[in-house]
Amino acid sequence: MGDNMSWLKGILGGVIGAEALNLVKDYVEKQGGLEAVVNNFRTSGFGRQVDSWISTGKNEAISAIEIGQAVGVSKLKELAKSTGVDFDKARDLLAEYLPIAIDKATPEGKLPPAEGQDSVKRSFY
């Protein structure tokens, strides 16, 4: 898994710590990739926020509570357990760093085309 996760590490580099990096990476991977994450946030009522992260404009903030609503409590608990952080910290880290990760993965202000997902995944992790 390490090599194909280098896209996130490459984009976020020294911006975030290893704990947050692993949490964001695991979440995106378990959801099936960036497009699946974006679609989940849109269908959960957080389209405005996630669209701002993709756009070239300012990123709208999302609260830890809203992350819990978008991700789901059971998925968030599972993610926290698998990455070795407690539930509240996992929620806080995703609220802080998921917008940055999506923003950095979409520098042109749009999701990459489906056929380009593999190369974007490699560059994002």
# chains A, B, ... in the order shown; residues from 1 in each chain; ligands from 1
$ residues_around --residues "Asn40 (chain A)" --least-positions-apart "2" --cutoff "12 Å" --atoms "only C-alpha atoms" --output "PyMOL selection string"
chain A and resi 27-28+31-38+42-47+50-51+67+69-72
$ residues_around --residues "Gly57 (chain A)" --least-positions-apart "6" --cutoff "12 Å" --atoms "only C-alpha atoms" --output "PyMOL selection string"
chain A and resi 49-51+103+106-110
$ closest_residue --among "A:Ile54, A:Ala105, A:Leu94, A:Val85" --to "Gly68 (chain A)" --atoms "only C-alpha atoms"
A:Leu94
$ closest_residue --among "A:Lys104, A:Pro99, A:Lys77, A:Pro112" --to "Ser52 (chain A)" --atoms "only C-alpha atoms"
A:Pro99
$ select_by_dssp --residues "region 17-114 of chain A" --states "alpha helix (DSSP H)" --output "PyMOL selection string"
chain A and resi 18-31+34-41+47-54+64-71+73-83+87-105
$ residues_around --residues "Ala64 (chain A)" --least-positions-apart "4" --cutoff "9 Å" --atoms "only C-alpha atoms" --output "ChimeraX atom specification"
/A:68-69,88,90-96
$ write_last_selection --atoms "C-alpha atoms" --output "mmCIF file, in the first residue's frame"
data_model
loop_
_atom_site.group_PDB
_atom_site.id
_atom_site.type_symbol
_atom_site.label_atom_id
_atom_site.label_comp_id
_atom_site.auth_asym_id
_atom_site.auth_seq_id
_atom_site.Cartn_x
_atom_site.Cartn_y
_atom_site.Cartn_z
ATOM 1 C CA GLY A 68 -19.185 13.296 11.619
ATOM 2 C CA GLN A 69 -22.432 13.875 9.734
ATOM 3 C CA ASP A 88 -12.860 13.143 18.592
ATOM 4 C CA ALA A 90 -10.072 11.750 14.128
ATOM 5 C CA ARG A 91 -13.036 14.052 13.546
ATOM 6 C CA ASP A 92 -10.953 17.145 14.308
ATOM 7 C CA LEU A 93 -8.084 16.059 12.056
ATOM 8 C CA LEU A 94 -10.393 15.300 9.126
ATOM 9 C CA ALA A 95 -12.142 18.658 9.572
ATOM 10 C CA GLU A 96 -8.810 20.442 9.464
#
$ closest_residue --among "A:Ala80, A:Ile65, A:Val24, A:Val73" --to "Tyr97 (chain A)" --atoms "only C-alpha atoms"
A:Val24
$ atom_distance --atom1 "CA of Glu78 (chain A)" --atom2 "CA of Asn39 (chain A)"
20.2 Å
